[in-house]
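Trainee: This is work03.cif, which holds mmCIF, C-alpha atoms and all ligand atoms:
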```cif
data_upload
loop_
_atom_site.group_PDB
_atom_site.id
_atom_site.type_symbol
_atom_site.label_atom_id
_atom_site.label_comp_id
_atom_site.auth_asym_id
_atom_site.auth_seq_id
_atom_site.Cartn_x
_atom_site.Cartn_y
_atom_site.Cartn_z
ATOM 1 C CA MET A 1 10.762 -11.867 -14.364
ATOM 2 C CA ASP A 2 7.662 -10.359 -16.008
ATOM 3 C CA PHE A 3 5.391 -9.937 -12.998
ATOM 4 C CA LYS A 4 2.445 -9.070 -15.251
ATOM 5 C CA ASN A 5 2.251 -12.785 -16.075
ATOM 6 C CA TYR A 6 1.199 -13.347 -12.452
ATOM 7 C CA VAL A 7 -1.491 -10.642 -12.236
ATOM 8 C CA ARG A 8 -4.929 -11.420 -13.629
ATOM 9 C CA ASP A 9 -7.611 -8.955 -14.625
ATOM 10 C CA ILE A 10 -11.065 -9.584 -13.217
ATOM 11 C CA GLN A 11 -13.664 -7.553 -15.078
ATOM 12 C CA ASN A 12 -16.435 -5.769 -13.175
ATOM 13 C CA PHE A 13 -15.148 -6.636 -9.687
ATOM 14 C CA PRO A 14 -15.984 -5.600 -6.997
ATOM 15 C CA ILE A 15 -18.406 -3.362 -8.894
ATOM 16 C CA GLU A 16 -19.455 -2.828 -12.510
ATOM 17 C CA GLY A 17 -16.863 -0.916 -14.543
ATOM 18 C CA ILE A 18 -13.786 -1.778 -12.432
ATOM 19 C CA THR A 19 -11.043 -4.040 -13.755
ATOM 20 C CA PHE A 20 -9.646 -5.597 -10.603
ATOM 21 C CA LYS A 21 -5.960 -6.538 -10.523
ATOM 22 C CA ASP A 22 -5.868 -9.921 -8.810
ATOM 23 C CA ILE A 23 -2.394 -10.646 -7.416
ATOM 24 C CA THR A 24 -3.201 -14.026 -5.864
ATOM 25 C CA PRO A 25 -1.502 -15.876 -8.802
ATOM 26 C CA LEU A 26 1.696 -14.045 -7.851
ATOM 27 C CA LEU A 27 1.248 -14.766 -4.140
ATOM 28 C CA LYS A 28 0.767 -18.497 -4.625
ATOM 29 C CA ASP A 29 3.848 -18.934 -6.833
ATOM 30 C CA LYS A 30 6.905 -19.349 -4.583
ATOM 31 C CA THR A 31 9.353 -18.040 -7.195
ATOM 32 C CA ALA A 32 7.259 -15.014 -8.154
ATOM 33 C CA LEU A 33 6.493 -14.209 -4.500
ATOM 34 C CA LYS A 34 10.166 -14.202 -3.578
ATOM 35 C CA ALA A 35 11.224 -12.278 -6.693
ATOM 36 C CA ALA A 36 8.524 -9.625 -6.140
ATOM 37 C CA SER A 37 9.506 -9.180 -2.480
ATOM 38 C CA GLU A 38 13.165 -8.813 -3.405
ATOM 39 C CA ALA A 39 12.399 -6.399 -6.235
ATOM 40 C CA MET A 40 10.269 -4.210 -3.950
ATOM 41 C CA LEU A 41 13.105 -4.153 -1.434
ATOM 42 C CA GLU A 42 15.367 -2.962 -4.237
ATOM 43 C CA LEU A 43 12.928 -0.087 -4.852
ATOM 44 C CA VAL A 44 13.578 1.010 -1.253
ATOM 45 C CA GLY A 45 17.332 0.914 -1.885
ATOM 46 C CA ASN A 46 19.335 2.245 1.026
ATOM 47 C CA VAL A 47 16.638 4.605 2.277
ATOM 48 C CA GLU A 48 16.524 4.282 6.062
ATOM 49 C CA VAL A 49 13.197 2.972 7.360
ATOM 50 C CA ASP A 50 12.018 2.648 10.973
ATOM 51 C CA LYS A 51 8.527 1.340 10.203
ATOM 52 C CA VAL A 52 6.518 0.064 7.267
ATOM 53 C CA VAL A 53 2.857 1.088 7.223
ATOM 54 C CA GLY A 54 0.548 -1.208 5.231
ATOM 55 C CA MET A 55 -3.069 -0.531 4.363
ATOM 56 C CA GLU A 56 -5.948 -2.926 4.841
ATOM 57 C CA SER A 57 -6.226 -5.332 3.448
ATOM 58 C CA ARG A 58 -4.014 -6.240 0.523
ATOM 59 C CA GLY A 59 -1.244 -3.978 1.810
ATOM 60 C CA PHE A 60 -0.851 -6.553 4.577
ATOM 61 C CA PHE A 61 0.477 -9.198 2.163
ATOM 62 C CA PHE A 62 3.869 -7.589 1.629
ATOM 63 C CA ALA A 63 4.256 -4.826 4.220
ATOM 64 C CA PRO A 64 5.267 -7.038 7.195
ATOM 65 C CA LEU A 65 7.557 -9.022 4.913
ATOM 66 C CA LEU A 66 9.290 -5.839 3.737
ATOM 67 C CA ALA A 67 9.469 -4.594 7.323
ATOM 68 C CA SER A 68 11.194 -7.744 8.494
ATOM 69 C CA CYS A 69 13.777 -7.541 5.688
ATOM 70 C CA LEU A 70 14.364 -3.839 6.375
ATOM 71 C CA ASP A 71 14.837 -4.467 10.087
ATOM 72 C CA ALA A 72 11.815 -2.235 10.684
ATOM 73 C CA GLY A 73 8.495 -2.548 12.480
ATOM 74 C CA PHE A 74 5.086 -2.958 10.834
ATOM 75 C CA VAL A 75 2.042 -0.789 11.476
ATOM 76 C CA PRO A 76 -1.424 -1.571 10.082
ATOM 77 C CA VAL A 77 -3.755 1.125 8.793
ATOM 78 C CA ARG A 78 -7.302 -0.226 8.954
ATOM 79 C CA LYS A 79 -10.870 0.520 8.009
ATOM 80 C CA PRO A 80 -12.956 2.114 10.803
ATOM 81 C CA GLY A 81 -13.882 -0.021 13.777
ATOM 82 C CA LYS A 82 -11.172 -2.682 13.377
ATOM 83 C CA LEU A 83 -8.393 -1.362 15.590
ATOM 84 C CA PRO A 84 -8.904 -2.076 19.310
ATOM 85 C CA TYR A 85 -6.808 0.643 20.981
ATOM 86 C CA LYS A 86 -6.741 4.465 20.978
ATOM 87 C CA LYS A 87 -6.701 5.590 17.363
ATOM 88 C CA VAL A 88 -6.677 8.490 14.942
ATOM 89 C CA ARG A 89 -9.040 8.647 11.957
ATOM 90 C CA LYS A 90 -8.720 10.289 8.559
ATOM 91 C CA VAL A 91 -11.780 10.763 6.374
ATOM 92 C CA TYR A 92 -11.010 11.155 2.672
ATOM 93 C CA ALA A 93 -12.951 11.757 -0.522
ATOM 94 C CA LEU A 94 -13.794 9.029 -2.997
ATOM 95 C CA GLU A 95 -15.136 9.669 -6.495
ATOM 96 C CA TYR A 96 -18.587 9.384 -4.912
ATOM 97 C CA GLY A 97 -18.804 9.889 -1.144
ATOM 98 C CA THR A 98 -16.135 9.418 1.491
ATOM 99 C CA ASP A 99 -14.179 6.676 3.211
ATOM 100 C CA ALA A 100 -12.046 6.602 6.343
ATOM 101 C CA LEU A 101 -8.883 4.951 7.641
ATOM 102 C CA GLU A 102 -7.547 4.560 11.179
ATOM 103 C CA ILE A 103 -4.159 4.074 12.816
ATOM 104 C CA HIS A 104 -3.247 3.411 16.449
ATOM 105 C CA ALA A 105 -2.248 6.652 18.151
ATOM 106 C CA ASP A 106 0.849 5.073 19.721
ATOM 107 C CA SER A 107 2.085 3.309 16.564
ATOM 108 C CA ILE A 108 4.573 5.935 15.372
ATOM 109 C CA GLU A 109 7.045 8.077 17.299
ATOM 110 C CA LYS A 110 7.889 11.644 16.286
ATOM 111 C CA GLY A 111 10.631 11.696 13.633
ATOM 112 C CA GLU A 112 10.356 8.038 12.678
ATOM 113 C CA ARG A 113 11.002 7.300 9.024
ATOM 114 C CA ILE A 114 8.044 5.553 7.436
ATOM 115 C CA LEU A 115 7.697 3.493 4.273
ATOM 116 C CA ILE A 116 4.098 3.276 3.025
ATOM 117 C CA HIS A 117 3.263 0.059 1.199
ATOM 118 C CA ASP A 118 0.104 -1.041 -0.610
ATOM 119 C CA ASP A 119 -0.546 -3.559 -3.382
ATOM 120 C CA VAL A 120 -2.063 -1.120 -5.892
ATOM 121 C CA LEU A 121 -1.744 2.637 -6.453
ATOM 122 C CA ALA A 122 -4.960 3.654 -8.197
ATOM 123 C CA THR A 123 -6.283 7.196 -7.603
ATOM 124 C CA GLY A 124 -3.883 7.758 -4.705
ATOM 125 C CA GLY A 125 -6.588 8.635 -2.160
ATOM 126 C CA THR A 126 -5.758 5.754 0.174
ATOM 127 C CA ALA A 127 -2.025 6.475 0.195
ATOM 128 C CA LYS A 128 -2.565 10.208 0.650
ATOM 129 C CA ALA A 129 -4.879 9.676 3.622
ATOM 130 C CA THR A 130 -2.334 7.241 5.080
ATOM 131 C CA ALA A 131 0.488 9.771 4.647
ATOM 132 C CA GLU A 132 -1.608 12.356 6.473
ATOM 133 C CA LEU A 133 -2.272 9.958 9.360
ATOM 134 C CA ILE A 134 1.460 9.263 9.632
ATOM 135 C CA GLU A 135 2.396 12.937 9.535
ATOM 136 C CA GLY A 136 -0.293 13.684 12.112
ATOM 137 C CA LEU A 137 1.603 11.389 14.496
ATOM 138 C CA GLY A 138 4.919 13.077 13.670
ATOM 139 C CA GLY A 139 6.272 10.442 11.266
ATOM 140 C CA ILE A 140 8.219 11.238 8.100
ATOM 141 C CA VAL A 141 7.083 9.492 4.909
ATOM 142 C CA VAL A 142 10.267 8.451 3.097
ATOM 143 C CA GLN A 143 8.658 6.497 0.241
ATOM 144 C CA CYS A 144 5.289 5.307 -1.050
ATOM 145 C CA ASN A 145 5.902 1.796 -2.377
ATOM 146 C CA PHE A 146 3.488 -0.312 -4.444
ATOM 147 C CA LEU A 147 3.442 -3.610 -6.248
ATOM 148 C CA LEU A 148 1.283 -2.195 -9.076
ATOM 149 C CA GLU A 149 0.615 1.335 -10.308
ATOM 150 C CA LEU A 150 -2.383 2.146 -12.523
ATOM 151 C CA LYS A 151 -0.648 5.076 -14.187
ATOM 152 C CA PHE A 152 -3.710 6.146 -16.196
ATOM 153 C CA LEU A 153 -5.410 7.124 -12.898
ATOM 154 C CA ASN A 154 -2.541 9.504 -12.113
ATOM 155 C CA GLY A 155 -2.422 8.657 -8.395
ATOM 156 C CA ALA A 156 1.220 9.727 -8.125
ATOM 157 C CA ALA A 157 0.129 13.337 -8.716
ATOM 158 C CA LYS A 158 -1.808 13.196 -5.427
ATOM 159 C CA LEU A 159 1.373 12.061 -3.692
ATOM 160 C CA ASN A 160 3.612 14.830 -4.963
ATOM 161 C CA GLY A 161 6.241 15.613 -2.428
ATOM 162 C CA TYR A 162 6.766 11.918 -1.626
ATOM 163 C CA PRO A 163 8.982 9.541 -3.584
ATOM 164 C CA VAL A 164 6.619 7.082 -5.315
ATOM 165 C CA LYS A 165 7.905 3.692 -6.494
ATOM 166 C CA ALA A 166 6.035 0.791 -8.057
ATOM 167 C CA LEU A 167 7.292 -2.512 -9.350
ATOM 168 C CA VAL A 168 4.874 -2.815 -12.285
ATOM 169 C CA GLN A 169 3.115 -0.071 -14.244
ATOM 170 C CA TYR A 170 -0.114 -0.317 -16.241
HETATM 171 P P1 LIG B 201 -6.764 4.384 -4.459
HETATM 172 O O1 LIG B 201 -7.070 4.982 -3.140
HETATM 173 O O2 LIG B 201 -7.721 4.784 -5.540
HETATM 174 O O3 LIG B 201 -5.314 4.617 -4.876
HETATM 175 O O4 LIG B 201 -7.003 2.836 -4.338
HETATM 176 C C1 LIG B 201 -6.071 2.056 -3.759
HETATM 177 C C2 LIG B 201 -6.673 0.938 -2.975
HETATM 178 O O5 LIG B 201 -7.756 0.295 -3.630
HETATM 179 C C3 LIG B 201 -5.635 -0.122 -2.746
HETATM 180 O O6 LIG B 201 -5.717 -0.508 -1.396
HETATM 181 C C4 LIG B 201 -5.968 -1.235 -3.689
HETATM 182 O O7 LIG B 201 -5.883 -2.461 -3.039
HETATM 183 C C5 LIG B 201 -7.387 -0.975 -4.126
HETATM 184 N N1 LIG B 201 -7.578 -0.918 -5.590
HETATM 185 C C6 LIG B 201 -7.948 0.153 -6.307
HETATM 186 N N2 LIG B 201 -8.098 -0.130 -7.587
HETATM 187 C C7 LIG B 201 -7.803 -1.433 -7.718
HETATM 188 C C8 LIG B 201 -7.762 -2.334 -8.831
HETATM 189 N N3 LIG B 201 -8.085 -1.948 -10.063
HETATM 190 N N4 LIG B 201 -7.396 -3.607 -8.591
HETATM 191 C C9 LIG B 201 -7.082 -4.015 -7.341
HETATM 192 N N5 LIG B 201 -7.109 -3.219 -6.267
HETATM 193 C C10 LIG B 201 -7.462 -1.934 -6.444
#
```
Take the structure in the file and give it back as structure tokens.
Ligand code: AMP
Mentor:
Amino acid sequence: MDFKNYVRDIQNFPIEGITFKDITPLLKDKTALKAASEAMLELVGNVEVDKVVGMESRGFFFAPLLASCLDAGFVPVRKPGKLPYKKVRKVYALEYGTDALEIHADSIEKGERILIHDDVLATGGTAKATAELIEGLGGIVVQCNFLLELKFLNGAAKLNGYPVKALVQY
């Protein structure tokens, strides 16, 4: 299946100059949704996974689904102020300014094997900050897994040291 047929480009969203990859056509199509989930599971192969960490908000579409199929738990990484319990925060640099992500302090045990999943790998800042949160709790990042990779932004270079897999490259 050519998954690119189910991803539409939205020009200048959410801000001027960005071409947003809208995956809702893929999500609403039962055949494409199932095929994409299965293909992302194949990217994981027989790597052992204890938990899948998904990033707010579009990482939440597939991460719990992958977790369930991998017989693993799911952990959300969220924007500041959303998680209710004791949490750890990571501030990271954007092209202009900074952003931050949070994870519950009790969400990962030392030595647990963690699959990171998000919908899009762009500059890699989000995934790198997530990996650092996970490692701060003692987890081991076994793969960074994405539906789409914007290769021209070279995000994988920021994730060197981790296996990076994406279903579709642009
Ligand atoms: P980055 O930290 O630059 O790798 O950005 C990754 C995050 O931003 C992911 O959570 C994506 O959902 C989102 N993102 C970045 N660029 C795009 C894009 N062109 N289309 C859709 N989502 C994007």
Trainee: From the list A:Ala39, A:Ala127, A:Val142, A:Leu159, which residue is nearest ligand LIG 201 (chain B) when using all atoms listed in the file?
Mentor: A:Ala127
Trainee: Please identify all protein, DNA and RNA residues within 7 Å of ligand LIG 201 (chain B), counting only C-alpha atoms and all ligand atoms, and report them as a compact mmCIF listing (two decimals) with C-alpha atoms, in the frame of the given file.
Mentor:
```
# COMPACT_ATOMS: atom_id res chain seq x y z
CA ILE A 18 -13.79 -1.78 -12.43
CA THR A 19 -11.04 -4.04 -13.76
CA PHE A 20 -9.65 -5.60 -10.60
CA LYS A 21 -5.96 -6.54 -10.52
CA ASP A 22 -5.87 -9.92 -8.81
CA MET A 55 -3.07 -0.53 4.36
CA GLU A 56 -5.95 -2.93 4.84
CA SER A 57 -6.23 -5.33 3.45
CA ARG A 58 -4.01 -6.24 0.52
CA GLY A 59 -1.24 -3.98 1.81
CA ASP A 118 0.10 -1.04 -0.61
CA ASP A 119 -0.55 -3.56 -3.38
CA VAL A 120 -2.06 -1.12 -5.89
CA LEU A 121 -1.74 2.64 -6.45
CA ALA A 122 -4.96 3.65 -8.20
CA THR A 123 -6.28 7.20 -7.60
CA GLY A 124 -3.88 7.76 -4.70
CA GLY A 125 -6.59 8.64 -2.16
CA THR A 126 -5.76 5.75 0.17
CA ALA A 127 -2.02 6.48 0.20
CA GLY A 155 -2.42 8.66 -8.40
```
Trainee: Apply the PyMOL selection byres (((chain A and resi 133-135) around 8) and not hetatm) to the file shown and report the selected residues as a list of chain:residue names.
Mentor: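 Residues picked by the PyMOL selection byres (((chain A and resi 133-135) around 8) and not hetatm): A:Val88, A:Arg89, A:Lys90, A:Glu102, A:Ile103, A:Ile108, A:Ile114, A:Ala129, A:Thr130, A:Ala131, A:Glu132, A:Gly136, A:Leu137, A:Gly138, A:Gly139, A:Ile140, A:Val141.
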Trainee: Between CA of Lys34 (chain A) and CA of Asn12 (chain A), measure the distance and give it in Å to one decimal.
Mentor: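 Taking CA of Lys34 (chain A) and CA of Asn12 (chain A), their separation equals 29.5 Å.
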Trainee: Compare A:Tyr92, A:Leu153, A:Lys82, A:Ser37 by their minimum atom-to-atom distance to Ser68 (chain A), counting only C-alpha atoms, and give me the closest one.
Mentor: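 With only C-alpha atoms as the atom set, the closest residue is A:Ser37.
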Trainee: With all atoms listed in the file as the atoms that count, which of A:Gly161, A:Pro25, A:Gly73, A:Gly111 lies nearest to Gly54 (chain A)?
Mentor: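 Closest residue, counting all atoms listed in the file: A:Gly73.
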Trainee: One decimal, in Å: what's the spacing between CA of Leu66 (chain A) and CA of Asn160 (chain A)?
Mentor: 23.1 Å
Trainee: Hey, which of A:Asp2, A:Glu149, A:Asp99, A:Asp50 ends up closest to Thr31 (chain A)? Count all atoms listed in the file.
Mentor: A:Asp2
Trainee: For the structure shown, which residues end up in the PyMOL selection byres (((chain A and resi 71) around 12) and not hetatm)? Put them as a list in words, please?
Mentor: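 Selected by the PyMOL selection byres (((chain A and resi 71) around 12) and not hetatm) in this file: Leu41, Glu48, Val49, Asp50, Lys51, Val52, Pro64, Leu65, Leu66, Ala67, Ser68, Cys69, Leu70, Ala72, Gly73 and Phe74 of chain A.
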